Amino acid sequence: MNHPLRKVVIPAAGLGTRFLPATKSVPKEMLPIVDTPTIQLIVEEALSAGATEVVVINGRGKGAIEDHFDRSYELEDTLSRKGKQELFQLVRRISDEVRVVSVRQKEPLGLGHAVLAARHAIGNDWFGVMLGDDLIDADGHEAGIAQLVNVARATGKAAVALLPVPEEQSHLYGVAAGPLLGGDAGKIGAGGHISVEKMVEKPPRGTAPSNLAVIGRYVLPPEIFEILAQTKPGAGGEIQLTDALAVLAARGQLVGVRFSGVRHDAGDRLGYLQANIAYALKRPELREGLLAYLREVVK
Ligand code: UTP
């Protein structure tokens with residue numbers, strides 16, 4: 001990668017079946033973490049890494065996402081007339097700061113297929129992919145996607161985010177393996193990175209090549225589109241981004257970055273509840289009340 005991050009793709013066209021019935025009409029990426037839609041937190045992460053253009057991959061009934069990042073004249077006018085300046089700024093800020101382009105994925109044929117839908121909007125640039133239901137709370141470190149950009153720029157290679165997971169969970173993820181770069185052999189610490197030699201999507205139990213799960217942040221070269229266009233449906237009959245990344249890995253063009261920060265899987269019900277609690281505990285106006293309630297219920 002030879003330029004700063006400008007564009008990111010946020011795939012948000014999945015069916016979100018784990019959140020039915022809510023996701024019958026509301027995309028799961030719009031479900032709030034305390035009071036802010038998950039996708040807005042992800043867009044804010046992209047902005048803090050310097051991105052200026054966000055391509056959201058939409059599916060059926062995802063108009064709510066487009067509306068969220070657009071101006072809302074009626075609401076803004078009412079807030080402004082009622083003198084609610086703080087709320088006015090809150091609503092206005094996100095539509096002012098970023099250009100959001102929406103692309104439709106006509107059928108949810110997999111994450112790889114969703115990324116391929118962004119081909120014309122991205123053109124010939126390197127770009128970020130940020131999954132619409134994966135939150136990274138950088139917890140004082142640089143934004144999650146920015147940590148990947150640093151490694152992609154230093155190595156000239158595509159980068160994926162890695163997180164060690166317990167062995168009994170590795171069948172739920174894409175898993176990456178390869179030698180540690182720029183450090184001692186052995187355990188990969190926060191900030192470390194590996195040269196990815198192997199990528200497997202949802203390996204059957206007991207066959208994972210490592211404990212390093214790929215989680216929802218990627219920095220990719222434009223060549224990935226040609227690879228995706230030739231990728232056949234894989235696990236679950238879907239066009240898998242992991243299979244296209246395996247091609248980059250085979251060419252020696254992929255690194256895996258053990259990022260610093262905390263990841264929440266907001267696409268999973270338990271992960272979503274945990275994210276709400278973690279983010280609420282960081283809000284001074286909510287912290288004490290929530291703690292008192294938690295102490296009460298765990299008694
Ligand atoms: P998931 O597999 O978590 O999303 O995809 P899902 O299929 O919507 O979830 P469940 O399992 O039915 O509850 C990860 C991300 O990729 C997007 C999803 O919107 C989510 O943000 N995605 C997935 C697409 O955009 N298109 C697809 O075809 C599949």
# chains A, B, ... in the order shown; residues from 1 in each chain; ligands from 1

call {"tool": "residues_near_ligand", "arguments": {"ligand": "ligand 1", "cutoff": "10 Å", "atoms": "only C-alpha atoms and all ligand atoms", "output": "VMD selection string"}}
result
chain A and resid 9 to 20 23 27 to 29 39 56 to 59 104 to 115 117 129 to 134 215 to 216 238 to 241 265 to 269

call {"tool": "select_by_dssp", "arguments": {"residues": "range 163-268 of chain A", "states": "strand (DSSP E or B)", "output": "PDB file with all heavy atoms, in the first residue's frame"}}
result
ATOM      1  N   LEU A 163      -7.217 -12.307  15.994  1.00  0.00           N
ATOM      2  CA  LEU A 163      -7.512 -12.357  17.420  1.00  0.00           C
ATOM      3  C   LEU A 163      -7.364 -13.807  17.889  1.00  0.00           C
ATOM      4  O   LEU A 163      -7.963 -14.699  17.286  1.00  0.00           O
ATOM      5  CB  LEU A 163      -8.960 -11.909  17.623  1.00  0.00           C
ATOM      6  CG  LEU A 163      -9.446 -11.760  19.044  1.00  0.00           C
ATOM      7  CD1 LEU A 163      -8.808 -10.529  19.674  1.00  0.00           C
ATOM      8  CD2 LEU A 163     -10.968 -11.605  19.056  1.00  0.00           C
ATOM      9  N   PRO A 164      -6.555 -14.059  18.939  1.00  0.00           N
ATOM     10  CA  PRO A 164      -6.477 -15.434  19.433  1.00  0.00           C
ATOM     11  C   PRO A 164      -7.820 -15.829  20.036  1.00  0.00           C
ATOM     12  O   PRO A 164      -8.429 -15.042  20.765  1.00  0.00           O
ATOM     13  CB  PRO A 164      -5.403 -15.366  20.535  1.00  0.00           C
ATOM     14  CG  PRO A 164      -4.721 -14.056  20.366  1.00  0.00           C
ATOM     15  CD  PRO A 164      -5.701 -13.140  19.712  1.00  0.00           C
ATOM     16  N   GLY A 174     -12.833 -17.741  10.285  1.00  0.00           N
ATOM     17  CA  GLY A 174     -11.738 -17.990   9.364  1.00  0.00           C
ATOM     18  C   GLY A 174     -10.484 -18.005  10.226  1.00  0.00           C
ATOM     19  O   GLY A 174     -10.362 -17.212  11.156  1.00  0.00           O
ATOM     20  N   VAL A 175      -9.569 -18.935   9.954  1.00  0.00           N
ATOM     21  CA  VAL A 175      -8.370 -19.054  10.796  1.00  0.00           C
ATOM     22  C   VAL A 175      -7.130 -18.887   9.912  1.00  0.00           C
ATOM     23  O   VAL A 175      -7.101 -19.376   8.776  1.00  0.00           O
ATOM     24  CB  VAL A 175      -8.354 -20.426  11.511  1.00  0.00           C
ATOM     25  CG1 VAL A 175      -7.061 -20.637  12.276  1.00  0.00           C
ATOM     26  CG2 VAL A 175      -9.547 -20.524  12.477  1.00  0.00           C
ATOM     27  N   ALA A 176      -6.118 -18.145  10.433  1.00  0.00           N
ATOM     28  CA  ALA A 176      -4.895 -17.887   9.662  1.00  0.00           C
ATOM     29  C   ALA A 176      -3.690 -18.442  10.404  1.00  0.00           C
ATOM     30  O   ALA A 176      -3.663 -18.458  11.629  1.00  0.00           O
ATOM     31  CB  ALA A 176      -4.725 -16.385   9.453  1.00  0.00           C
ATOM     32  N   ALA A 177      -2.693 -18.886   9.632  1.00  0.00           N
ATOM     33  CA  ALA A 177      -1.464 -19.377  10.260  1.00  0.00           C
ATOM     34  C   ALA A 177      -0.266 -19.011   9.395  1.00  0.00           C
ATOM     35  O   ALA A 177      -0.385 -18.861   8.173  1.00  0.00           O
ATOM     36  CB  ALA A 177      -1.529 -20.895  10.422  1.00  0.00           C
ATOM     37  N   LEU A 180       5.806 -15.769  12.425  1.00  0.00           N
ATOM     38  CA  LEU A 180       5.786 -14.434  13.018  1.00  0.00           C
ATOM     39  C   LEU A 180       6.817 -13.553  12.313  1.00  0.00           C
ATOM     40  O   LEU A 180       7.925 -13.989  12.049  1.00  0.00           O
ATOM     41  CB  LEU A 180       6.149 -14.597  14.493  1.00  0.00           C
ATOM     42  CG  LEU A 180       5.845 -13.476  15.456  1.00  0.00           C
ATOM     43  CD1 LEU A 180       4.350 -13.211  15.506  1.00  0.00           C
ATOM     44  CD2 LEU A 180       6.351 -13.871  16.851  1.00  0.00           C
ATOM     45  N   LEU A 181       6.416 -12.308  11.999  1.00  0.00           N
ATOM     46  CA  LEU A 181       7.351 -11.368  11.373  1.00  0.00           C
ATOM     47  C   LEU A 181       7.847 -10.380  12.416  1.00  0.00           C
ATOM     48  O   LEU A 181       7.089  -9.954  13.268  1.00  0.00           O
ATOM     49  CB  LEU A 181       6.646 -10.573  10.264  1.00  0.00           C
ATOM     50  CG  LEU A 181       6.224 -11.347   9.028  1.00  0.00           C
ATOM     51  CD1 LEU A 181       5.424 -10.439   8.113  1.00  0.00           C
ATOM     52  CD2 LEU A 181       7.437 -11.890   8.297  1.00  0.00           C
ATOM     53  N   HIS A 193       2.762  -9.156  14.040  1.00  0.00           N
ATOM     54  CA  HIS A 193       2.093  -9.639  12.830  1.00  0.00           C
ATOM     55  C   HIS A 193       2.786 -10.860  12.246  1.00  0.00           C
ATOM     56  O   HIS A 193       3.964 -11.077  12.450  1.00  0.00           O
ATOM     57  CB  HIS A 193       1.903  -8.537  11.793  1.00  0.00           C
ATOM     58  CG  HIS A 193       3.131  -7.764  11.470  1.00  0.00           C
ATOM     59  ND1 HIS A 193       3.638  -6.806  12.307  1.00  0.00           N
ATOM     60  CD2 HIS A 193       3.937  -7.791  10.398  1.00  0.00           C
ATOM     61  CE1 HIS A 193       4.713  -6.278  11.763  1.00  0.00           C
ATOM     62  NE2 HIS A 193       4.926  -6.854  10.604  1.00  0.00           N
ATOM     63  N   ILE A 194       1.988 -11.646  11.532  1.00  0.00           N
ATOM     64  CA  ILE A 194       2.520 -12.862  10.917  1.00  0.00           C
ATOM     65  C   ILE A 194       2.409 -12.756   9.402  1.00  0.00           C
ATOM     66  O   ILE A 194       1.596 -11.994   8.879  1.00  0.00           O
ATOM     67  CB  ILE A 194       1.768 -14.145  11.371  1.00  0.00           C
ATOM     68  CG1 ILE A 194       0.290 -14.103  10.938  1.00  0.00           C
ATOM     69  CG2 ILE A 194       1.885 -14.359  12.875  1.00  0.00           C
ATOM     70  CD1 ILE A 194      -0.447 -15.436  11.114  1.00  0.00           C
ATOM     71  N   SER A 195       3.256 -13.514   8.726  1.00  0.00           N
ATOM     72  CA  SER A 195       3.115 -13.661   7.284  1.00  0.00           C
ATOM     73  C   SER A 195       2.120 -14.807   7.099  1.00  0.00           C
ATOM     74  O   SER A 195       2.393 -15.938   7.489  1.00  0.00           O
ATOM     75  CB  SER A 195       4.478 -14.025   6.693  1.00  0.00           C
ATOM     76  OG  SER A 195       4.316 -14.360   5.347  1.00  0.00           O
ATOM     77  N   LYS A 198      -1.456 -19.729   5.454  1.00  0.00           N
ATOM     78  CA  LYS A 198      -2.646 -20.582   5.351  1.00  0.00           C
ATOM     79  C   LYS A 198      -3.868 -19.820   5.809  1.00  0.00           C
ATOM     80  O   LYS A 198      -3.805 -19.090   6.813  1.00  0.00           O
ATOM     81  CB  LYS A 198      -2.469 -21.770   6.293  1.00  0.00           C
ATOM     82  CG  LYS A 198      -2.202 -23.049   5.607  1.00  0.00           C
ATOM     83  CD  LYS A 198      -2.320 -24.169   6.614  1.00  0.00           C
ATOM     84  CE  LYS A 198      -2.015 -25.487   5.931  1.00  0.00           C
ATOM     85  NZ  LYS A 198      -1.904 -26.545   6.910  1.00  0.00           N
ATOM     86  N   MET A 199      -4.978 -20.002   5.121  1.00  0.00           N
ATOM     87  CA  MET A 199      -6.253 -19.410   5.547  1.00  0.00           C
ATOM     88  C   MET A 199      -7.318 -20.472   5.377  1.00  0.00           C
ATOM     89  O   MET A 199      -7.450 -21.041   4.293  1.00  0.00           O
ATOM     90  CB  MET A 199      -6.668 -18.273   4.609  1.00  0.00           C
ATOM     91  CG  MET A 199      -5.856 -17.035   4.637  1.00  0.00           C
ATOM     92  SD  MET A 199      -6.346 -15.961   5.986  1.00  0.00           S
ATOM     93  CE  MET A 199      -7.984 -15.474   5.523  1.00  0.00           C
ATOM     94  N   VAL A 200      -8.076 -20.743   6.407  1.00  0.00           N
ATOM     95  CA  VAL A 200      -9.153 -21.734   6.294  1.00  0.00           C
ATOM     96  C   VAL A 200     -10.426 -21.134   6.865  1.00  0.00           C
ATOM     97  O   VAL A 200     -10.411 -20.591   7.972  1.00  0.00           O
ATOM     98  CB  VAL A 200      -8.845 -23.020   7.099  1.00  0.00           C
ATOM     99  CG1 VAL A 200      -9.770 -24.151   6.678  1.00  0.00           C
ATOM    100  CG2 VAL A 200      -7.400 -23.430   6.959  1.00  0.00           C
ATOM    101  N   GLU A 201     -11.541 -21.249   6.123  1.00  0.00           N
ATOM    102  CA  GLU A 201     -12.824 -20.749   6.625  1.00  0.00           C
ATOM    103  C   GLU A 201     -13.491 -21.841   7.454  1.00  0.00           C
ATOM    104  O   GLU A 201     -13.653 -22.966   7.004  1.00  0.00           O
ATOM    105  CB  GLU A 201     -13.709 -20.330   5.437  1.00  0.00           C
ATOM    106  CG  GLU A 201     -15.050 -19.715   5.810  1.00  0.00           C
ATOM    107  CD  GLU A 201     -14.939 -18.415   6.611  1.00  0.00           C
ATOM    108  OE1 GLU A 201     -13.940 -17.693   6.468  1.00  0.00           O
ATOM    109  OE2 GLU A 201     -15.858 -18.126   7.401  1.00  0.00           O
ATOM    110  N   LEU A 212      -5.511 -18.382  15.699  1.00  0.00           N
ATOM    111  CA  LEU A 212      -5.678 -16.975  15.309  1.00  0.00           C
ATOM    112  C   LEU A 212      -6.862 -16.816  14.362  1.00  0.00           C
ATOM    113  O   LEU A 212      -6.802 -17.231  13.190  1.00  0.00           O
ATOM    114  CB  LEU A 212      -4.393 -16.462  14.653  1.00  0.00           C
ATOM    115  CG  LEU A 212      -3.177 -16.440  15.589  1.00  0.00           C
ATOM    116  CD1 LEU A 212      -1.904 -16.094  14.825  1.00  0.00           C
ATOM    117  CD2 LEU A 212      -3.409 -15.450  16.744  1.00  0.00           C
ATOM    118  N   ALA A 213      -7.934 -16.245  14.888  1.00  0.00           N
ATOM    119  CA  ALA A 213      -9.143 -16.047  14.088  1.00  0.00           C
ATOM    120  C   ALA A 213      -9.051 -14.716  13.340  1.00  0.00           C
ATOM    121  O   ALA A 213      -8.538 -13.730  13.874  1.00  0.00           O
ATOM    122  CB  ALA A 213     -10.363 -16.029  14.995  1.00  0.00           C
ATOM    123  N   VAL A 214      -9.545 -14.731  12.109  1.00  0.00           N
ATOM    124  CA  VAL A 214      -9.613 -13.496  11.327  1.00  0.00           C
ATOM    125  C   VAL A 214     -10.887 -12.785  11.735  1.00  0.00           C
ATOM    126  O   VAL A 214     -11.964 -13.374  11.717  1.00  0.00           O
ATOM    127  CB  VAL A 214      -9.664 -13.821   9.817  1.00  0.00           C
ATOM    128  CG1 VAL A 214      -9.842 -12.550   9.001  1.00  0.00           C
ATOM    129  CG2 VAL A 214      -8.405 -14.573   9.402  1.00  0.00           C
ATOM    130  N   ILE A 215     -10.775 -11.540  12.141  1.00  0.00           N
ATOM    131  CA  ILE A 215     -11.992 -10.823  12.500  1.00  0.00           C
ATOM    132  C   ILE A 215     -12.183  -9.637  11.554  1.00  0.00           C
ATOM    133  O   ILE A 215     -11.324  -9.351  10.744  1.00  0.00           O
ATOM    134  CB  ILE A 215     -12.033 -10.447  13.989  1.00  0.00           C
ATOM    135  CG1 ILE A 215     -10.965  -9.456  14.303  1.00  0.00           C
ATOM    136  CG2 ILE A 215     -11.904 -11.653  14.880  1.00  0.00           C
ATOM    137  CD1 ILE A 215     -11.598  -8.262  14.866  1.00  0.00           C
ATOM    138  N   GLY A 216     -13.313  -8.958  11.665  1.00  0.00           N
ATOM    139  CA  GLY A 216     -13.810  -8.109  10.590  1.00  0.00           C
ATOM    140  C   GLY A 216     -13.111  -6.828  10.184  1.00  0.00           C
ATOM    141  O   GLY A 216     -13.770  -5.810   9.973  1.00  0.00           O
ATOM    142  N   ARG A 217     -11.796  -6.829  10.039  1.00  0.00           N
ATOM    143  CA  ARG A 217     -11.089  -5.668   9.477  1.00  0.00           C
ATOM    144  C   ARG A 217     -10.040  -6.159   8.498  1.00  0.00           C
ATOM    145  O   ARG A 217      -9.262  -7.076   8.821  1.00  0.00           O
ATOM    146  CB  ARG A 217     -10.366  -4.863  10.580  1.00  0.00           C
ATOM    147  CG  ARG A 217     -11.268  -4.258  11.649  1.00  0.00           C
ATOM    148  CD  ARG A 217     -12.139  -3.134  11.097  1.00  0.00           C
ATOM    149  NE  ARG A 217     -12.956  -2.542  12.140  1.00  0.00           N
ATOM    150  CZ  ARG A 217     -14.138  -2.997  12.543  1.00  0.00           C
ATOM    151  NH1 ARG A 217     -14.661  -4.068  11.971  1.00  0.00           N
ATOM    152  NH2 ARG A 217     -14.804  -2.381  13.492  1.00  0.00           N
ATOM    153  N   TYR A 218      -9.995  -5.529   7.310  1.00  0.00           N
ATOM    154  CA  TYR A 218      -9.072  -5.943   6.261  1.00  0.00           C
ATOM    155  C   TYR A 218      -8.574  -4.695   5.542  1.00  0.00           C
ATOM    156  O   TYR A 218      -9.329  -3.725   5.400  1.00  0.00           O
ATOM    157  CB  TYR A 218      -9.792  -6.806   5.217  1.00  0.00           C
ATOM    158  CG  TYR A 218     -10.652  -7.926   5.783  1.00  0.00           C
ATOM    159  CD1 TYR A 218     -11.931  -7.657   6.285  1.00  0.00           C
ATOM    160  CD2 TYR A 218     -10.196  -9.244   5.797  1.00  0.00           C
ATOM    161  CE1 TYR A 218     -12.729  -8.680   6.795  1.00  0.00           C
ATOM    162  CE2 TYR A 218     -10.990 -10.267   6.292  1.00  0.00           C
ATOM    163  CZ  TYR A 218     -12.255  -9.981   6.795  1.00  0.00           C
ATOM    164  OH  TYR A 218     -13.044 -10.992   7.290  1.00  0.00           O
ATOM    165  N   VAL A 219      -7.336  -4.731   5.066  1.00  0.00           N
ATOM    166  CA  VAL A 219      -6.848  -3.688   4.160  1.00  0.00           C
ATOM    167  C   VAL A 219      -6.397  -4.429   2.901  1.00  0.00           C
ATOM    168  O   VAL A 219      -5.537  -5.310   2.978  1.00  0.00           O
ATOM    169  CB  VAL A 219      -5.694  -2.883   4.795  1.00  0.00           C
ATOM    170  CG1 VAL A 219      -5.094  -1.928   3.768  1.00  0.00           C
ATOM    171  CG2 VAL A 219      -6.210  -2.094   5.995  1.00  0.00           C
ATOM    172  N   LEU A 220      -7.016  -4.089   1.769  1.00  0.00           N
ATOM    173  CA  LEU A 220      -6.855  -4.932   0.579  1.00  0.00           C
ATOM    174  C   LEU A 220      -6.440  -4.130  -0.651  1.00  0.00           C
ATOM    175  O   LEU A 220      -6.823  -2.968  -0.810  1.00  0.00           O
ATOM    176  CB  LEU A 220      -8.193  -5.637   0.282  1.00  0.00           C
ATOM    177  CG  LEU A 220      -8.727  -6.532   1.407  1.00  0.00           C
ATOM    178  CD1 LEU A 220     -10.112  -7.047   1.069  1.00  0.00           C
ATOM    179  CD2 LEU A 220      -7.767  -7.695   1.650  1.00  0.00           C
ATOM    180  N   LEU A 254       0.100 -11.483   2.013  1.00  0.00           N
ATOM    181  CA  LEU A 254      -0.869 -11.243   3.082  1.00  0.00           C
ATOM    182  C   LEU A 254      -0.204 -11.325   4.455  1.00  0.00           C
ATOM    183  O   LEU A 254       0.528 -12.278   4.735  1.00  0.00           O
ATOM    184  CB  LEU A 254      -1.986 -12.299   2.982  1.00  0.00           C
ATOM    185  CG  LEU A 254      -3.174 -12.136   3.935  1.00  0.00           C
ATOM    186  CD1 LEU A 254      -3.962 -10.859   3.622  1.00  0.00           C
ATOM    187  CD2 LEU A 254      -4.108 -13.340   3.855  1.00  0.00           C
ATOM    188  N   VAL A 255      -0.478 -10.308   5.272  1.00  0.00           N
ATOM    189  CA  VAL A 255      -0.018 -10.369   6.671  1.00  0.00           C
ATOM    190  C   VAL A 255      -1.238 -10.361   7.589  1.00  0.00           C
ATOM    191  O   VAL A 255      -2.304  -9.852   7.230  1.00  0.00           O
ATOM    192  CB  VAL A 255       0.909  -9.179   7.053  1.00  0.00           C
ATOM    193  CG1 VAL A 255       2.256  -9.296   6.358  1.00  0.00           C
ATOM    194  CG2 VAL A 255       0.265  -7.848   6.770  1.00  0.00           C
ATOM    195  N   GLY A 256      -1.070 -10.942   8.776  1.00  0.00           N
ATOM    196  CA  GLY A 256      -2.129 -10.953   9.787  1.00  0.00           C
ATOM    197  C   GLY A 256      -1.653 -10.131  10.970  1.00  0.00           C
ATOM    198  O   GLY A 256      -0.540 -10.335  11.454  1.00  0.00           O
ATOM    199  N   VAL A 257      -2.475  -9.207  11.425  1.00  0.00           N
ATOM    200  CA  VAL A 257      -2.069  -8.273  12.476  1.00  0.00           C
ATOM    201  C   VAL A 257      -2.845  -8.555  13.751  1.00  0.00           C
ATOM    202  O   VAL A 257      -4.090  -8.537  13.752  1.00  0.00           O
ATOM    203  CB  VAL A 257      -2.352  -6.807  12.044  1.00  0.00           C
ATOM    204  CG1 VAL A 257      -1.889  -5.828  13.122  1.00  0.00           C
ATOM    205  CG2 VAL A 257      -1.693  -6.505  10.711  1.00  0.00           C
ATOM    206  N   ARG A 258      -2.111  -8.817  14.829  1.00  0.00           N
ATOM    207  CA  ARG A 258      -2.750  -8.987  16.142  1.00  0.00           C
ATOM    208  C   ARG A 258      -2.943  -7.585  16.697  1.00  0.00           C
ATOM    209  O   ARG A 258      -2.009  -6.978  17.209  1.00  0.00           O
ATOM    210  CB  ARG A 258      -1.823  -9.836  17.023  1.00  0.00           C
ATOM    211  CG  ARG A 258      -2.137  -9.799  18.498  1.00  0.00           C
ATOM    212  CD  ARG A 258      -3.346 -10.660  18.794  1.00  0.00           C
ATOM    213  NE  ARG A 258      -3.529 -10.799  20.225  1.00  0.00           N
ATOM    214  CZ  ARG A 258      -4.316  -9.992  20.953  1.00  0.00           C
ATOM    215  NH1 ARG A 258      -4.965  -8.979  20.403  1.00  0.00           N
ATOM    216  NH2 ARG A 258      -4.441 -10.203  22.248  1.00  0.00           N
ATOM    217  N   VAL A 262     -10.118  -4.116  22.151  1.00  0.00           N
ATOM    218  CA  VAL A 262     -11.104  -5.137  22.515  1.00  0.00           C
ATOM    219  C   VAL A 262     -12.105  -5.268  21.371  1.00  0.00           C
ATOM    220  O   VAL A 262     -12.597  -4.275  20.852  1.00  0.00           O
ATOM    221  CB  VAL A 262     -11.869  -4.712  23.794  1.00  0.00           C
ATOM    222  CG1 VAL A 262     -12.879  -5.780  24.193  1.00  0.00           C
ATOM    223  CG2 VAL A 262     -10.896  -4.446  24.923  1.00  0.00           C
ATOM    224  N   ARG A 263     -12.405  -6.504  20.989  1.00  0.00           N
ATOM    225  CA  ARG A 263     -13.355  -6.720  19.904  1.00  0.00           C
ATOM    226  C   ARG A 263     -14.682  -7.221  20.468  1.00  0.00           C
ATOM    227  O   ARG A 263     -14.705  -8.059  21.378  1.00  0.00           O
ATOM    228  CB  ARG A 263     -12.757  -7.745  18.948  1.00  0.00           C
ATOM    229  CG  ARG A 263     -13.659  -8.120  17.807  1.00  0.00           C
ATOM    230  CD  ARG A 263     -14.220  -9.498  18.010  1.00  0.00           C
ATOM    231  NE  ARG A 263     -15.004  -9.903  16.848  1.00  0.00           N
ATOM    232  CZ  ARG A 263     -15.529 -11.095  16.705  1.00  0.00           C
ATOM    233  NH1 ARG A 263     -15.336 -12.016  17.613  1.00  0.00           N
ATOM    234  NH2 ARG A 263     -16.262 -11.381  15.666  1.00  0.00           N
ATOM    235  N   HIS A 264     -15.770  -6.676  19.946  1.00  0.00           N
ATOM    236  CA  HIS A 264     -17.096  -7.172  20.324  1.00  0.00           C
ATOM    237  C   HIS A 264     -17.802  -7.674  19.067  1.00  0.00           C
ATOM    238  O   HIS A 264     -17.829  -6.973  18.055  1.00  0.00           O
ATOM    239  CB  HIS A 264     -17.950  -6.043  20.923  1.00  0.00           C
ATOM    240  CG  HIS A 264     -17.404  -5.496  22.204  1.00  0.00           C
ATOM    241  ND1 HIS A 264     -17.540  -6.139  23.407  1.00  0.00           N
ATOM    242  CD2 HIS A 264     -16.723  -4.365  22.457  1.00  0.00           C
ATOM    243  CE1 HIS A 264     -16.975  -5.429  24.362  1.00  0.00           C
ATOM    244  NE2 HIS A 264     -16.463  -4.342  23.811  1.00  0.00           N
ATOM    245  N   ASP A 265     -18.369  -8.861  19.146  1.00  0.00           N
ATOM    246  CA  ASP A 265     -19.141  -9.387  18.017  1.00  0.00           C
ATOM    247  C   ASP A 265     -20.594  -8.953  18.184  1.00  0.00           C
ATOM    248  O   ASP A 265     -21.398  -9.653  18.797  1.00  0.00           O
ATOM    249  CB  ASP A 265     -19.030 -10.917  17.991  1.00  0.00           C
ATOM    250  CG  ASP A 265     -19.812 -11.512  16.825  1.00  0.00           C
ATOM    251  OD1 ASP A 265     -20.395 -10.738  16.041  1.00  0.00           O
ATOM    252  OD2 ASP A 265     -19.822 -12.751  16.704  1.00  0.00           O
TER     253      ASP A 265
END

call {"tool": "select_by_dssp", "arguments": {"residues": "range 51-272 of chain A", "states": "alpha helix (DSSP H)", "output": "PyMOL selection string"}}
result
chain A and resi 63-68+73-81+85-97+111-116+119-122+144-155+223-229+241-250+269-272

call {"tool": "atom_distance", "arguments": {"atom1": "CA of Lys24 in chain A", "atom2": "CA of Lys62 in chain A"}}
result
10.4 Å

call {"tool": "residues_around", "arguments": {"residues": "Glu167 in chain A", "least_positions_apart": "2", "cutoff": "12 Å", "atoms": "only C-alpha atoms", "output": "list in words"}}
result
Pro164, Val165, Gln169, Ser170, His171, Leu172, Tyr173, Val175, Pro203, Pro204, Arg205, Gly206, Thr207, Ala208, Pro209, Ser210, Asn211, Leu212 and Ala213 of chain A

call {"tool": "residues_around", "arguments": {"residues": "range 84-99 of chain A", "least_positions_apart": "5", "cutoff": "10 Å", "atoms": "only C-alpha atoms", "output": "list of chain:residue names"}}
result
A:Lys7, A:Gln40, A:Val43, A:Glu44, A:Ala46, A:Leu47, A:Ala51, A:Thr52, A:Glu53, A:Val54, A:Val55, A:Asp67, A:His68, A:Phe69, A:Asp70, A:Arg71, A:Ser72, A:Tyr73, A:Leu75, A:Glu76, A:Asp77, A:Thr78, A:Leu79

call {"tool": "residues_around", "arguments": {"residues": "range 141-151 of chain A", "least_positions_apart": "6", "cutoff": "8 Å", "atoms": "only C-alpha atoms", "output": "list in words"}}
result
Pro4, Leu5, Glu45, Ala46, Ser48, Ala49, Gly128, Met130, Lys157, Ala159, Val160, Ala161, Gly191, Arg217, Tyr218, Val219, Val257, Phe259, Ser260 and Gly261 of chain A

call {"tool": "atom_distance", "arguments": {"atom1": "CA of Ile227 in chain A", "atom2": "CA of Ala158 in chain A"}}
result
13.4 Å
